[in-house]
Amino acid sequence: MTLTKLNFITGNKNKLLEVRAILGKVIEVDNQEVDVPEIQGTIEEIAKEKARRAAEAINGPALTEDTALEFHALKGLPGPYIKSFMEKLGHDGLNKMLDGFEDRTAEAVCTFAFCRGPGEEPIVFQGRTEGAIVRPRGPANFGWDPIFEYDGKQTYAEMDKEEKNKISHRYKALVKLQQWLAEGQQ
Ligand SMILES: Nc1ncnc2c1ncn2[C@H]1C[C@H](O)[C@@H](COP(=O)(O)OP(=O)(O)OP(=O)(O)O)O1
Ligand SMILES: [Mg+2]
């Protein structure tokens, strides 16, 4: 069965905007805002379970995304728990977490999971982009974007949206998703 549109389950408007900007020419992206619980575990386990639960909640095919931010000095933490860390500590606190370390590099990880329907095994598409954690620069309208510096130059928040969408963790994951769509979803 060829997919004619993707049902992207997310409550995050910025994610939806980026996915539409990148995938919009290739396939229609519908959105439903369903609050699916996120379990603890590895990035892949969390992503798969999120898609499984989303497919059950809407009783049909569901695409979900989970974003992680791995600090190398902290062996990958906060990773998938970045949302809670960001909410509690903010840009300043996240920076301070690394002040005792020399290594301020980090990896932004985007993991899409697609589940055909209830009871089906989800398939995962992941993209990673290397950067460093810096004091905030640029507009603060998307989470940790102002403290994630790409390429030693601009932060995600300072980058032109089009530029960001050519190198971001989300773009790289969506390239893999597009390939899978083009190859007939085998
Ligand atoms: N560049 C970014 N890309 C993705 N998420 C980001 C970015 N900057 C900040 N964030 C935030 C949004 C969330 O607080 C957190 C990621 O948590 P996550 O559970 O994946 O998203 P979410 O809960 O906002 O949406 P969803 O409904 O898809 O789960 O990181
Ligand atoms: Mg979430």
# chains A, B, ... in the order shown; residues from 1 in each chain; ligands from 1

$ select_by_dssp --residues "chain A" --states "helix (DSSP H, G or I)" --output "VMD selection string"
chain A and resid 13 to 23 43 to 58 72 to 74 82 to 97 145 to 147 161 to 167 169 to 182

$ residues_near_ligand --ligand "ligand 1" --cutoff "7 Å" --atoms "only C-alpha atoms and all ligand atoms" --output "list in words"
Ile9, Thr10, Gly11, Asn12, Lys15, Asp35, Thr64, Glu65, Asp66, Thr67, Ala68, Ile82, Lys83, Met86, Phe142, Gly143, Trp144 and Asp145 of chain A

$ residues_around --residues "Glu56 in chain A" --least-positions-apart "3" --cutoff "10 Å" --atoms "only C-alpha atoms" --output "list of chain:residue names"
A:Val36, A:Lys50, A:Ala51, A:Arg52, A:Arg53, A:Asn59, A:Gly60, A:Pro61, A:Ala62, A:Cys115, A:Arg116, A:Gly117, A:Pro118, A:Gly119, A:Glu120

$ closest_residue --among "A:Glu121, A:Asp92, A:Glu107, A:Glu163" --to "Pro136 in chain A" --atoms "only C-alpha atoms"
A:Asp92

$ select_by_dssp --residues "chain A" --states "strand (DSSP E or B)" --output "MDAnalysis selection string"
chainID A and resid 5:9 28:32 62:71 78:79 105:115 123:133 148:150 154:155

$ decode --residues "range 116-130 of chain A" --atoms "all heavy atoms" --output "short mmCIF file (atom, residue, chain, number, x, y, z; two decimals), in the first residue's frame"
data_model
loop_
_atom_site.label_atom_id
_atom_site.label_comp_id
_atom_site.auth_asym_id
_atom_site.auth_seq_id
_atom_site.Cartn_x
_atom_site.Cartn_y
_atom_site.Cartn_z
N ARG A 116 2.67 1.46 10.92
CA ARG A 116 1.55 1.31 9.97
C ARG A 116 0.19 1.23 10.62
O ARG A 116 -0.83 1.53 10.00
CB ARG A 116 1.74 0.05 9.14
CG ARG A 116 2.76 0.21 8.08
CD ARG A 116 2.79 -0.99 7.15
NE ARG A 116 3.94 -0.87 6.29
CZ ARG A 116 3.99 -0.12 5.20
NH1 ARG A 116 2.92 0.55 4.81
NH2 ARG A 116 5.08 -0.01 4.50
N GLY A 117 0.15 0.77 11.85
CA GLY A 117 -1.13 0.65 12.56
C GLY A 117 -0.95 -0.15 13.83
O GLY A 117 0.16 -0.65 14.09
N PRO A 118 -2.03 -0.30 14.62
CA PRO A 118 -1.92 -1.03 15.89
C PRO A 118 -1.32 -2.41 15.68
O PRO A 118 -1.68 -3.12 14.74
CB PRO A 118 -3.38 -1.12 16.35
CG PRO A 118 -4.07 0.02 15.68
CD PRO A 118 -3.38 0.23 14.37
N GLY A 119 -0.36 -2.77 16.53
CA GLY A 119 0.23 -4.11 16.47
C GLY A 119 1.39 -4.24 15.48
O GLY A 119 2.04 -5.28 15.44
N GLU A 120 1.67 -3.23 14.68
CA GLU A 120 2.76 -3.31 13.70
C GLU A 120 4.07 -2.84 14.32
O GLU A 120 4.08 -2.03 15.24
CB GLU A 120 2.45 -2.42 12.48
CG GLU A 120 1.15 -2.74 11.78
CD GLU A 120 1.28 -3.86 10.77
OE1 GLU A 120 2.43 -4.17 10.37
OE2 GLU A 120 0.25 -4.42 10.38
N GLU A 121 5.19 -3.37 13.78
CA GLU A 121 6.51 -2.97 14.29
C GLU A 121 6.95 -1.66 13.64
O GLU A 121 7.03 -1.56 12.41
CB GLU A 121 7.52 -4.09 13.98
CG GLU A 121 8.95 -3.84 14.43
CD GLU A 121 9.14 -3.72 15.94
OE1 GLU A 121 8.24 -4.07 16.72
OE2 GLU A 121 10.22 -3.23 16.33
N PRO A 122 7.25 -0.63 14.44
CA PRO A 122 7.66 0.65 13.86
C PRO A 122 9.03 0.60 13.18
O PRO A 122 9.88 -0.21 13.56
CB PRO A 122 7.71 1.59 15.07
CG PRO A 122 6.94 0.92 16.12
CD PRO A 122 7.10 -0.55 15.89
N ILE A 123 9.22 1.45 12.21
CA ILE A 123 10.51 1.56 11.55
C ILE A 123 11.08 2.96 11.83
O ILE A 123 10.34 3.93 11.92
CB ILE A 123 10.40 1.19 10.05
CG1 ILE A 123 11.30 1.98 9.16
CG2 ILE A 123 9.01 1.24 9.52
CD1 ILE A 123 11.42 1.29 7.80
N VAL A 124 12.42 2.99 12.01
CA VAL A 124 13.05 4.19 12.55
C VAL A 124 14.00 4.86 11.55
O VAL A 124 14.71 4.17 10.81
CB VAL A 124 13.81 3.78 13.85
CG1 VAL A 124 14.86 4.79 14.23
CG2 VAL A 124 12.83 3.60 15.00
N PHE A 125 13.99 6.18 11.50
CA PHE A 125 14.88 6.95 10.62
C PHE A 125 15.58 7.99 11.49
O PHE A 125 14.91 8.82 12.10
CB PHE A 125 14.08 7.66 9.52
CG PHE A 125 13.15 6.76 8.78
CD1 PHE A 125 11.84 6.57 9.24
CD2 PHE A 125 13.57 6.06 7.67
CE1 PHE A 125 10.97 5.71 8.58
CE2 PHE A 125 12.71 5.19 7.00
CZ PHE A 125 11.40 5.02 7.46
N GLN A 126 16.93 7.96 11.50
CA GLN A 126 17.62 8.86 12.42
C GLN A 126 18.63 9.77 11.74
O GLN A 126 19.32 9.35 10.81
CB GLN A 126 18.33 8.02 13.48
CG GLN A 126 18.86 8.86 14.63
CD GLN A 126 19.38 8.01 15.76
OE1 GLN A 126 20.51 7.53 15.70
NE2 GLN A 126 18.57 7.81 16.77
N GLY A 127 18.69 11.00 12.19
CA GLY A 127 19.69 11.96 11.70
C GLY A 127 20.42 12.58 12.87
O GLY A 127 19.83 12.82 13.93
N ARG A 128 21.74 12.83 12.69
CA ARG A 128 22.56 13.42 13.75
C ARG A 128 23.36 14.58 13.22
O ARG A 128 23.91 14.49 12.11
CB ARG A 128 23.55 12.37 14.29
CG ARG A 128 22.89 11.26 15.05
CD ARG A 128 23.89 10.18 15.46
NE ARG A 128 23.26 9.29 16.42
CZ ARG A 128 23.34 9.43 17.73
NH1 ARG A 128 24.09 10.39 18.24
NH2 ARG A 128 22.70 8.62 18.55
N THR A 129 23.41 15.66 13.99
CA THR A 129 24.24 16.81 13.61
C THR A 129 25.11 17.21 14.79
O THR A 129 24.64 17.33 15.91
CB THR A 129 23.36 17.99 13.14
OG1 THR A 129 22.68 17.59 11.95
CG2 THR A 129 24.19 19.23 12.83
N GLU A 130 26.43 17.36 14.52
CA GLU A 130 27.39 17.72 15.56
C GLU A 130 27.42 19.23 15.79
O GLU A 130 27.29 20.00 14.83
CB GLU A 130 28.80 17.31 15.10
CG GLU A 130 29.00 15.83 14.95
CD GLU A 130 29.64 15.18 16.16
OE1 GLU A 130 29.96 15.91 17.13
OE2 GLU A 130 29.78 13.95 16.15
#
